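**Q** Following this message is one structure expressed as structure tokens.
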Amino acid sequence: IYPSASSCSSVVFFFQRLFRVPPQSPPPRLLHRRRSMGSSSDLPTKEANVLRGHEGAVLAVRFNGDGNYCLSCGKDRTLRLWNPHRGIHIKTYKSHGREVRDVHVTHDNAKLCSCGGDRQIFYWDVVSGRVIRKFRGHDSEVNSVKFNEYGSVVVSAGYDRSVRAWDCRSQSTEPIQVETLYSVMSIWLTKNEIIAGSVDGTVRTFDIRIGREVVDELGQPVNCISLSNDGNCVLAGSLDSTLRLLDRSNGELLQEYKGHTCKALHLKSFKMDCCLTNTDAHVTGGSEDGYIFFWDLVDASVVSRFRAHASVVKHSLFIFEEFCDDYETKLEFSTALGLCCQLEKAFLNDLYRAVKALVSGTSYSPLTGIGLVSESNVMLMKTFNRPNQV
């Protein structure tokens, strides 16, 4: 299903598109969708059930193919299988050494895969709870994982600037394909394509049949991507509190959705998922203020919003949970090293990794190109009298 990296590299074509100014009126390709869309009265306005059991923050929740069951994962290093309609906890899966950031299940509900802070991809048997395989190769935390259509290949992506494909049927420990990018926050698979959203503000589509790479430039760090149910559009959530809907055929910006909060330099910024409803009639996403938003697909108006949680509605992970939560400290780190205080999160992430490596005496490889930080600069950190953050 997935060709080798060598066969792809010989025929790689690179197309880069700059997104257009949002149209003042809905584009014709969106207007035709009105014919069979559901009404806003069908949207949820309150919780249907509460699933309790995790001993820490819940970082992701995924339904299975038919919607009868769901899987959750989180900071307590576990995955949990639920019947959400009856509120029943069915099974707990334990083997991860650190937080679990994403989970996905095959169409036949027989296998699942998960990833997280321990840099490994776990391939599980759903019924027995046994770990069938562990795929190792990522050099940093893994943010997103997906099965292909047939459940035979797992694709993963993370902070090590790579997207890797693993053959579940082979006994080989090497990935069958590796694509090098910027730090990847979210991936999506079609029958023939791998789509990745990165912190460099791009949505990249890899056509694995002909080895072509298409890049859509959004200009803001992308922390989530999702496809419409008809597969014609991709929805991208960015750290400027904006969701953008793109036409996959030509990269045209069809619509923007605003009103929620997801800021790049907020005190605590989170990776929050977004998606379209099952009729493609509405766009939905979470917000840092605890609300869930629903937008009309065509005119981008907020048709519904309600408070779902007392704090952030997040779906996958803290972007900066491992490092200091004090925003002023982040600015002081940047100033001490002679960097601009408006650095993107990925670069700040590199900065803290470098400092952490130097303090602990371990090796360090930059993820986004900042490079190593000198010992003298580490000493500057201590002048701020924050030894815990250092």
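A note on labels: chains of the structure tokens are A, B, ... as shown, every chain counts residues from 1, and ligands are counted from 1 in their shown order.
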Can you tell me, as a ChimeraX atom specification, which residues in segment 88-332 of chain A count as strand (DSSP E or B) by DSSP?

**A** /A:88-94,100-105,111-116,120-125,131-136,142-147,153-158,162-167,177-180,184-189,193-198,202-207,212-217,222-227,233-238,240-247,253-263,270-271,274-276,282-286,291-296,302-307,317-318

**Q** Go through A:Leu297, A:Cys113, A:Cys73, A:Leu181 and flag the residue nearest Trp166 of chain A, using only C-alpha atoms for the distances.

**A**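 The closest residue to Trp166 of chain A is A:Cys113.
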
**Q** Fewer than 6 positions away in the same chain doesn't count, so skip those; otherwise give me all residues within 9 Å of Val234 of chain A, counting only C-alpha atoms, as a PyMOL selection string.

**A** chain A and resi 225-228+244-248

**Q** May I have the residues from that selection written out with C-alpha atoms, as a compact mmCIF listing (two decimals), in the first residue's frame?

**A**
# COMPACT_ATOMS: atom_id res chain seq x y z
CA ILE A 225 -6.59 18.77 10.64
CA SER A 226 -9.74 16.90 9.66
CA LEU A 227 -11.40 15.89 6.38
CA SER A 228 -14.97 16.48 5.35
CA ARG A 244 -9.85 27.27 7.95
CA LEU A 245 -11.66 25.17 5.34
CA LEU A 246 -9.61 24.42 2.22
CA ASP A 247 -10.59 22.95 -1.12
CA ARG A 248 -8.32 19.91 -1.54

**Q** Would you mind telling me which residue in A:Thr205, A:Asn278, A:Ser128, A:Ser144 lies nearest to Asp66 of chain A when using only C-alpha atoms?

**A**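 Ranked by minimum distance to Asp66 of chain A, first place goes to A:Asn278.
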
**Q** Would you pick out the contacts of segment 185-198 of chain A at 6 Å or less, using only C-alpha atoms, so that residues sharing its chain but fewer than 5 positions from it are not included, and give the list as a JSON list (two decimals) with N, CA and C atoms, in the first residue's frame?

**A**
[["chain", "number", "residue", "atom", "x", "y", "z"],
["A", 143, "ASN", "N", 2.75, 12.70, 18.43],
["A", 143, "ASN", "CA", 1.52, 13.45, 18.66],
["A", 143, "ASN", "C", 0.27, 12.84, 18.04],
["A", 144, "SER", "N", 0.45, 12.09, 16.95],
["A", 144, "SER", "CA", -0.73, 11.62, 16.22],
["A", 144, "SER", "C", -0.44, 10.27, 15.59],
["A", 203, "VAL", "N", -0.17, 22.68, 5.60],
["A", 203, "VAL", "CA", -0.87, 21.40, 5.49],
["A", 203, "VAL", "C", -0.26, 20.70, 4.29],
["A", 204, "ARG", "N", 0.40, 19.57, 4.51],
["A", 204, "ARG", "CA", 1.08, 18.85, 3.44],
["A", 204, "ARG", "C", 0.31, 17.58, 3.10],
["A", 205, "THR", "N", 0.17, 17.34, 1.81],
["A", 205, "THR", "CA", -0.49, 16.13, 1.32],
["A", 205, "THR", "C", 0.51, 15.32, 0.51],
["A", 206, "PHE", "N", 0.72, 14.07, 0.93],
["A", 206, "PHE", "CA", 1.62, 13.17, 0.24],
["A", 206, "PHE", "C", 0.80, 12.15, -0.54],
["A", 207, "ASP", "N", 0.89, 12.19, -1.86],
["A", 207, "ASP", "CA", 0.23, 11.20, -2.70],
["A", 207, "ASP", "C", 1.19, 10.03, -2.85],
["A", 208, "ILE", "N", 0.89, 8.92, -2.19],
["A", 208, "ILE", "CA", 1.83, 7.80, -2.15],
["A", 208, "ILE", "C", 1.80, 6.95, -3.42],
["A", 222, "VAL", "N", -0.36, 25.03, 12.60],
["A", 222, "VAL", "CA", -1.53, 24.15, 12.48],
["A", 222, "VAL", "C", -1.45, 23.09, 13.58],
["A", 223, "ASN", "N", -2.47, 22.99, 14.40],
["A", 223, "ASN", "CA", -2.45, 21.99, 15.47],
["A", 223, "ASN", "C", -3.49, 20.90, 15.31],
["A", 224, "CYS", "N", -4.32, 20.99, 14.26],
["A", 224, "CYS", "CA", -5.30, 19.93, 14.01],
["A", 224, "CYS", "C", -5.77, 20.00, 12.57]]

**Q** Could you give me, as a list in words, the residues within 10 Å of Lys258 of chain A, counting only C-alpha atoms and dropping anything in the same chain fewer than 5 positions from it?

**A**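 My reading of the contact set: Asp240, Ser241, Thr242, Leu243, Arg244, Phe293, Trp295, Ala300, Ser301 and Val302 of chain A.
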
**Q** Which residue, A:His309, A:His96, A:Lys146, A:Lys91, has the smallest gap to Asp76 of chain A when you use only C-alpha atoms?

**A**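 Of A:His309, A:His96, A:Lys146, A:Lys91, the one nearest Asp76 of chain A, counting only C-alpha atoms, is A:His96.
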
**Q** Calculated over only C-alpha atoms, which of the candidates A:Pro44, A:Arg52, A:Cys233, A:Gly116 has the smallest distance to Gly74 of chain A?

**A**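 Residue with the minimum atom-to-atom distance to Gly74 of chain A: A:Gly116.
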
**Q** I'd like to know which of A:Leu71, A:Gly56, A:Phe135, A:Val199 is closest to Glu99 of chain A, using only C-alpha atoms.

**A** A:Gly56

**Q** Could you write out, as a list of chain:residue names, all the residues of segment 25-192 of chain A that DSSP marks as helix (DSSP H, G or I)?

**A**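 Put together, the selection reads A:Pro28, A:Arg29, A:Leu30, A:Leu31, A:His32, A:Arg33, A:Arg34, A:Arg35, A:Ser36, A:Ser40, A:Ser41, A:Asp42.
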
**Q** Would you mind exporting the chosen residues as an mmCIF file, in the first residue's frame, restricted to all heavy atoms?

**A**
data_model
loop_
_atom_site.group_PDB
_atom_site.id
_atom_site.type_symbol
_atom_site.label_atom_id
_atom_site.label_comp_id
_atom_site.auth_asym_id
_atom_site.auth_seq_id
_atom_site.Cartn_x
_atom_site.Cartn_y
_atom_site.Cartn_z
ATOM 1 N N PRO A 28 -19.469 29.020 -4.556
ATOM 2 C CA PRO A 28 -20.512 28.134 -5.119
ATOM 3 C C PRO A 28 -20.376 26.692 -4.649
ATOM 4 O O PRO A 28 -21.374 26.018 -4.459
ATOM 5 C CB PRO A 28 -20.265 28.257 -6.631
ATOM 6 C CG PRO A 28 -19.608 29.578 -6.812
ATOM 7 C CD PRO A 28 -18.764 29.781 -5.583
ATOM 8 N N ARG A 29 -19.148 26.203 -4.445
ATOM 9 C CA ARG A 29 -18.960 24.800 -4.062
ATOM 10 C C ARG A 29 -19.450 24.534 -2.647
ATOM 11 O O ARG A 29 -19.649 23.386 -2.267
ATOM 12 C CB ARG A 29 -17.493 24.404 -4.204
ATOM 13 C CG ARG A 29 -16.541 25.228 -3.410
ATOM 14 C CD ARG A 29 -15.108 24.746 -3.574
ATOM 15 N NE ARG A 29 -14.704 24.639 -4.959
ATOM 16 C CZ ARG A 29 -14.221 25.651 -5.666
ATOM 17 N NH1 ARG A 29 -14.112 26.839 -5.094
ATOM 18 N NH2 ARG A 29 -13.875 25.491 -6.911
ATOM 19 N N LEU A 30 -19.617 25.606 -1.836
ATOM 20 C CA LEU A 30 -20.217 25.426 -0.523
ATOM 21 C C LEU A 30 -21.733 25.578 -0.574
ATOM 22 O O LEU A 30 -22.456 24.928 0.175
ATOM 23 C CB LEU A 30 -19.634 26.437 0.464
ATOM 24 C CG LEU A 30 -18.235 26.179 0.998
ATOM 25 C CD1 LEU A 30 -17.877 27.216 2.045
ATOM 26 C CD2 LEU A 30 -18.126 24.789 1.595
ATOM 27 N N LEU A 31 -22.211 26.445 -1.460
ATOM 28 C CA LEU A 31 -23.644 26.699 -1.519
ATOM 29 C C LEU A 31 -24.442 25.454 -1.882
ATOM 30 O O LEU A 31 -25.557 25.252 -1.410
ATOM 31 C CB LEU A 31 -23.927 27.804 -2.541
ATOM 32 C CG LEU A 31 -23.459 29.217 -2.132
ATOM 33 C CD1 LEU A 31 -23.686 30.187 -3.281
ATOM 34 C CD2 LEU A 31 -24.202 29.680 -0.890
ATOM 35 N N HIS A 32 -23.873 24.583 -2.732
ATOM 36 C CA HIS A 32 -24.626 23.407 -3.152
ATOM 37 C C HIS A 32 -24.819 22.410 -2.029
ATOM 38 O O HIS A 32 -25.642 21.509 -2.118
ATOM 39 C CB HIS A 32 -23.912 22.718 -4.326
ATOM 40 C CG HIS A 32 -22.798 21.819 -3.905
ATOM 41 N ND1 HIS A 32 -21.545 22.290 -3.590
ATOM 42 C CD2 HIS A 32 -22.752 20.468 -3.719
ATOM 43 C CE1 HIS A 32 -20.760 21.279 -3.252
ATOM 44 N NE2 HIS A 32 -21.460 20.154 -3.314
ATOM 45 N N ARG A 33 -24.087 22.578 -0.941
ATOM 46 C CA ARG A 33 -24.211 21.652 0.173
ATOM 47 C C ARG A 33 -25.487 21.882 0.983
ATOM 48 O O ARG A 33 -25.851 21.064 1.819
ATOM 49 C CB ARG A 33 -22.999 21.768 1.109
ATOM 50 C CG ARG A 33 -21.699 21.280 0.491
ATOM 51 C CD ARG A 33 -20.526 21.624 1.398
ATOM 52 N NE ARG A 33 -19.288 21.094 0.865
ATOM 53 C CZ ARG A 33 -18.724 19.967 1.262
ATOM 54 N NH1 ARG A 33 -19.298 19.238 2.186
ATOM 55 N NH2 ARG A 33 -17.592 19.557 0.739
ATOM 56 N N ARG A 34 -26.165 22.992 0.769
ATOM 57 C CA ARG A 34 -27.364 23.305 1.551
ATOM 58 C C ARG A 34 -28.493 22.304 1.298
ATOM 59 O O ARG A 34 -29.424 22.189 2.076
ATOM 60 C CB ARG A 34 -27.864 24.711 1.202
ATOM 61 C CG ARG A 34 -27.005 25.828 1.773
ATOM 62 C CD ARG A 34 -27.712 27.153 1.607
ATOM 63 N NE ARG A 34 -26.908 28.282 2.012
ATOM 64 C CZ ARG A 34 -26.809 28.713 3.261
ATOM 65 N NH1 ARG A 34 -27.435 28.067 4.216
ATOM 66 N NH2 ARG A 34 -26.080 29.762 3.548
ATOM 67 N N ARG A 35 -28.439 21.594 0.176
ATOM 68 C CA ARG A 35 -29.594 20.814 -0.244
ATOM 69 C C ARG A 35 -30.001 19.725 0.747
ATOM 70 O O ARG A 35 -31.177 19.381 0.846
ATOM 71 C CB ARG A 35 -29.316 20.197 -1.619
ATOM 72 C CG ARG A 35 -28.192 19.171 -1.621
ATOM 73 C CD ARG A 35 -27.911 18.692 -3.047
ATOM 74 N NE ARG A 35 -26.911 17.641 -3.075
ATOM 75 C CZ ARG A 35 -25.625 17.854 -3.110
ATOM 76 N NH1 ARG A 35 -25.152 19.097 -3.090
ATOM 77 N NH2 ARG A 35 -24.776 16.850 -3.147
ATOM 78 N N SER A 36 -29.041 19.125 1.469
ATOM 79 C CA SER A 36 -29.410 17.984 2.316
ATOM 80 C C SER A 36 -28.826 18.084 3.715
ATOM 81 O O SER A 36 -28.651 17.086 4.377
ATOM 82 C CB SER A 36 -28.926 16.686 1.653
ATOM 83 O OG SER A 36 -27.523 16.697 1.498
ATOM 84 N N SER A 40 -29.749 23.236 12.607
ATOM 85 C CA SER A 40 -29.016 23.499 13.843
ATOM 86 C C SER A 40 -29.750 22.959 15.064
ATOM 87 O O SER A 40 -29.151 22.775 16.120
ATOM 88 C CB SER A 40 -28.789 25.003 14.002
ATOM 89 O OG SER A 40 -30.026 25.697 14.008
ATOM 90 N N SER A 41 -31.055 22.683 14.922
ATOM 91 C CA SER A 41 -31.809 22.133 16.042
ATOM 92 C C SER A 41 -31.380 20.713 16.382
ATOM 93 O O SER A 41 -31.683 20.200 17.460
ATOM 94 C CB SER A 41 -33.309 22.156 15.731
ATOM 95 O OG SER A 41 -33.594 21.363 14.585
ATOM 96 N N ASP A 42 -30.680 20.056 15.441
ATOM 97 C CA ASP A 42 -30.207 18.698 15.685
ATOM 98 C C ASP A 42 -28.899 18.661 16.466
ATOM 99 O O ASP A 42 -28.441 17.574 16.851
ATOM 100 C CB ASP A 42 -29.999 17.967 14.354
ATOM 101 C CG ASP A 42 -31.288 17.836 13.560
ATOM 102 O OD1 ASP A 42 -32.355 17.739 14.203
ATOM 103 O OD2 ASP A 42 -31.222 17.850 12.317
#

**Q** Taking only C-alpha atoms into account, name the residue in A:Asp200, A:Asp230, A:Asp289, A:Glu256 that is nearest to Met272 of chain A.

**A**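 Checking each candidate against Met272 of chain A, we get A:Asp289 as the closest.
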
**Q** If you count only C-alpha atoms, which residues fall within 9 Å of Ser152 of chain A, apart from same-chain ones fewer than 6 positions away, as a list in words?

**A**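 Surrounding residues, per the criterion: Ile1, Thr106, Trp166, Asp167, Cys168 and Arg169 of chain A.
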
**Q** Contacts of Asn64 of chain A at 12 Å or less, counting only C-alpha atoms, minus same-chain residues fewer than 4 places along, as a ChimeraX atom specification?

**A** /A:68-72,81-84,103-112,126

**Q** Can those selected residues be exported to a file as a compact mmCIF listing (two decimals), in the first residue's frame so that it contains all heavy atoms?

**A**
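As written to disk, selection-v3.txt reads:
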# COMPACT_ATOMS: atom_id res chain seq x y z
N ASN A 68 -20.54 3.00 18.31
CA ASN A 68 -21.11 2.34 19.49
C ASN A 68 -20.17 2.37 20.69
O ASN A 68 -20.62 2.22 21.83
CB ASN A 68 -21.46 0.90 19.15
CG ASN A 68 -22.64 0.80 18.20
OD1 ASN A 68 -23.56 1.62 18.24
ND2 ASN A 68 -22.61 -0.19 17.31
N TYR A 69 -18.89 2.51 20.44
CA TYR A 69 -17.90 2.52 21.51
C TYR A 69 -16.92 3.66 21.30
O TYR A 69 -16.82 4.22 20.19
CB TYR A 69 -17.13 1.19 21.55
CG TYR A 69 -18.02 -0.01 21.77
CD1 TYR A 69 -18.52 -0.74 20.70
CD2 TYR A 69 -18.36 -0.40 23.07
CE1 TYR A 69 -19.34 -1.83 20.89
CE2 TYR A 69 -19.18 -1.50 23.27
CZ TYR A 69 -19.67 -2.21 22.19
OH TYR A 69 -20.49 -3.28 22.39
N CYS A 70 -16.20 4.00 22.35
CA CYS A 70 -15.17 5.02 22.21
C CYS A 70 -13.96 4.65 23.06
O CYS A 70 -14.07 3.88 24.02
CB CYS A 70 -15.68 6.41 22.58
SG CYS A 70 -15.99 6.68 24.34
N LEU A 71 -12.82 5.19 22.69
CA LEU A 71 -11.56 5.00 23.40
C LEU A 71 -11.07 6.34 23.89
O LEU A 71 -11.16 7.35 23.18
CB LEU A 71 -10.52 4.37 22.49
CG LEU A 71 -10.67 2.89 22.19
CD1 LEU A 71 -9.99 2.53 20.87
CD2 LEU A 71 -10.06 2.06 23.33
N SER A 72 -10.54 6.36 25.10
CA SER A 72 -9.97 7.58 25.65
C SER A 72 -8.55 7.30 26.13
O SER A 72 -8.19 6.15 26.44
CB SER A 72 -10.83 8.11 26.81
OG SER A 72 -10.89 7.16 27.86
N LEU A 81 -11.55 1.74 27.21
CA LEU A 81 -12.63 1.45 26.27
C LEU A 81 -13.96 1.62 26.98
O LEU A 81 -14.16 1.10 28.08
CB LEU A 81 -12.48 0.02 25.73
CG LEU A 81 -13.56 -0.49 24.78
CD1 LEU A 81 -13.58 0.32 23.49
CD2 LEU A 81 -13.35 -1.98 24.49
N TRP A 82 -14.89 2.35 26.33
CA TRP A 82 -16.17 2.69 26.95
C TRP A 82 -17.33 2.35 26.02
O TRP A 82 -17.18 2.36 24.80
CB TRP A 82 -16.25 4.18 27.27
CG TRP A 82 -15.12 4.77 28.00
CD1 TRP A 82 -13.93 5.20 27.47
CD2 TRP A 82 -15.03 5.03 29.41
NE1 TRP A 82 -13.12 5.71 28.46
CE2 TRP A 82 -13.77 5.62 29.66
CE3 TRP A 82 -15.90 4.83 30.48
CZ2 TRP A 82 -13.36 6.00 30.93
CZ3 TRP A 82 -15.51 5.22 31.76
CH2 TRP A 82 -14.25 5.79 31.97
N ASN A 83 -18.48 2.11 26.64
CA ASN A 83 -19.76 2.22 25.95
C ASN A 83 -20.33 3.57 26.37
O ASN A 83 -20.90 3.69 27.47
CB ASN A 83 -20.71 1.09 26.35
CG ASN A 83 -22.03 1.17 25.62
OD1 ASN A 83 -22.52 2.25 25.30
ND2 ASN A 83 -22.64 0.02 25.36
N PRO A 84 -20.17 4.61 25.57
CA PRO A 84 -20.54 5.96 26.01
C PRO A 84 -22.05 6.15 26.13
O PRO A 84 -22.50 7.04 26.87
CB PRO A 84 -19.96 6.86 24.91
CG PRO A 84 -19.93 5.98 23.70
CD PRO A 84 -19.64 4.60 24.19
N VAL A 103 -5.00 7.87 19.97
CA VAL A 103 -5.38 6.46 19.82
C VAL A 103 -6.27 6.34 18.60
O VAL A 103 -6.99 7.28 18.23
CB VAL A 103 -6.11 5.95 21.09
CG1 VAL A 103 -7.36 6.77 21.37
CG2 VAL A 103 -6.44 4.47 20.97
N HIS A 104 -6.19 5.18 17.93
CA HIS A 104 -7.03 4.94 16.76
C HIS A 104 -7.34 3.46 16.70
O HIS A 104 -6.54 2.63 17.13
CB HIS A 104 -6.30 5.39 15.48
CG HIS A 104 -7.20 5.51 14.30
ND1 HIS A 104 -6.84 5.10 13.03
CD2 HIS A 104 -8.47 5.99 14.19
CE1 HIS A 104 -7.84 5.34 12.19
NE2 HIS A 104 -8.83 5.87 12.86
N VAL A 105 -8.51 3.10 16.16
CA VAL A 105 -8.95 1.72 16.10
C VAL A 105 -9.23 1.34 14.65
O VAL A 105 -9.61 2.18 13.83
CB VAL A 105 -10.21 1.51 16.97
CG1 VAL A 105 -11.38 2.30 16.45
CG2 VAL A 105 -10.55 0.03 17.09
N THR A 106 -9.02 0.06 14.31
CA THR A 106 -9.27 -0.42 12.95
C THR A 106 -10.77 -0.48 12.68
O THR A 106 -11.59 -0.45 13.61
CB THR A 106 -8.65 -1.81 12.74
OG1 THR A 106 -9.16 -2.70 13.74
CG2 THR A 106 -7.14 -1.76 12.84
N HIS A 107 -11.13 -0.60 11.40
CA HIS A 107 -12.54 -0.62 11.02
C HIS A 107 -13.26 -1.85 11.56
O HIS A 107 -14.47 -1.79 11.84
CB HIS A 107 -12.67 -0.57 9.49
CG HIS A 107 -12.32 0.75 8.90
ND1 HIS A 107 -13.00 1.91 9.21
CD2 HIS A 107 -11.35 1.11 8.02
CE1 HIS A 107 -12.49 2.93 8.54
NE2 HIS A 107 -11.47 2.48 7.83
N ASP A 108 -12.54 -2.95 11.73
CA ASP A 108 -13.18 -4.16 12.25
C ASP A 108 -13.16 -4.24 13.77
O ASP A 108 -13.58 -5.24 14.36
CB ASP A 108 -12.54 -5.41 11.66
CG ASP A 108 -11.05 -5.53 12.01
OD1 ASP A 108 -10.54 -4.69 12.78
OD2 ASP A 108 -10.40 -6.46 11.51
N ASN A 109 -12.66 -3.19 14.42
CA ASN A 109 -12.63 -3.09 15.88
C ASN A 109 -11.75 -4.15 16.55
O ASN A 109 -11.86 -4.37 17.75
CB ASN A 109 -14.04 -3.17 16.48
CG ASN A 109 -14.95 -2.07 15.98
OD1 ASN A 109 -14.52 -0.93 15.80
ND2 ASN A 109 -16.20 -2.40 15.74
N ALA A 110 -10.88 -4.79 15.80
CA ALA A 110 -10.06 -5.87 16.35
C ALA A 110 -8.73 -5.38 16.92
O ALA A 110 -8.21 -5.96 17.87
CB ALA A 110 -9.79 -6.92 15.28
N LYS A 111 -8.17 -4.31 16.35
CA LYS A 111 -6.86 -3.81 16.77
C LYS A 111 -6.94 -2.32 17.01
O LYS A 111 -7.80 -1.61 16.46
CB LYS A 111 -5.81 -4.09 15.68
CG LYS A 111 -5.67 -5.57 15.30
CD LYS A 111 -5.10 -6.38 16.42
CE LYS A 111 -4.77 -7.81 15.96
NZ LYS A 111 -5.96 -8.57 15.54
N LEU A 112 -6.05 -1.84 17.85
CA LEU A 112 -5.94 -0.40 18.06
C LEU A 112 -4.46 -0.03 18.16
O LEU A 112 -3.61 -0.87 18.45
CB LEU A 112 -6.72 0.06 19.29
CG LEU A 112 -6.34 -0.44 20.68
CD1 LEU A 112 -5.29 0.46 21.34
CD2 LEU A 112 -7.57 -0.51 21.57
N VAL A 126 -7.53 -5.71 20.79
CA VAL A 126 -8.60 -5.07 21.57
C VAL A 126 -9.18 -6.02 22.61
O VAL A 126 -9.39 -5.64 23.78
CB VAL A 126 -9.71 -4.55 20.63
CG1 VAL A 126 -10.92 -4.08 21.44
CG2 VAL A 126 -9.19 -3.43 19.76
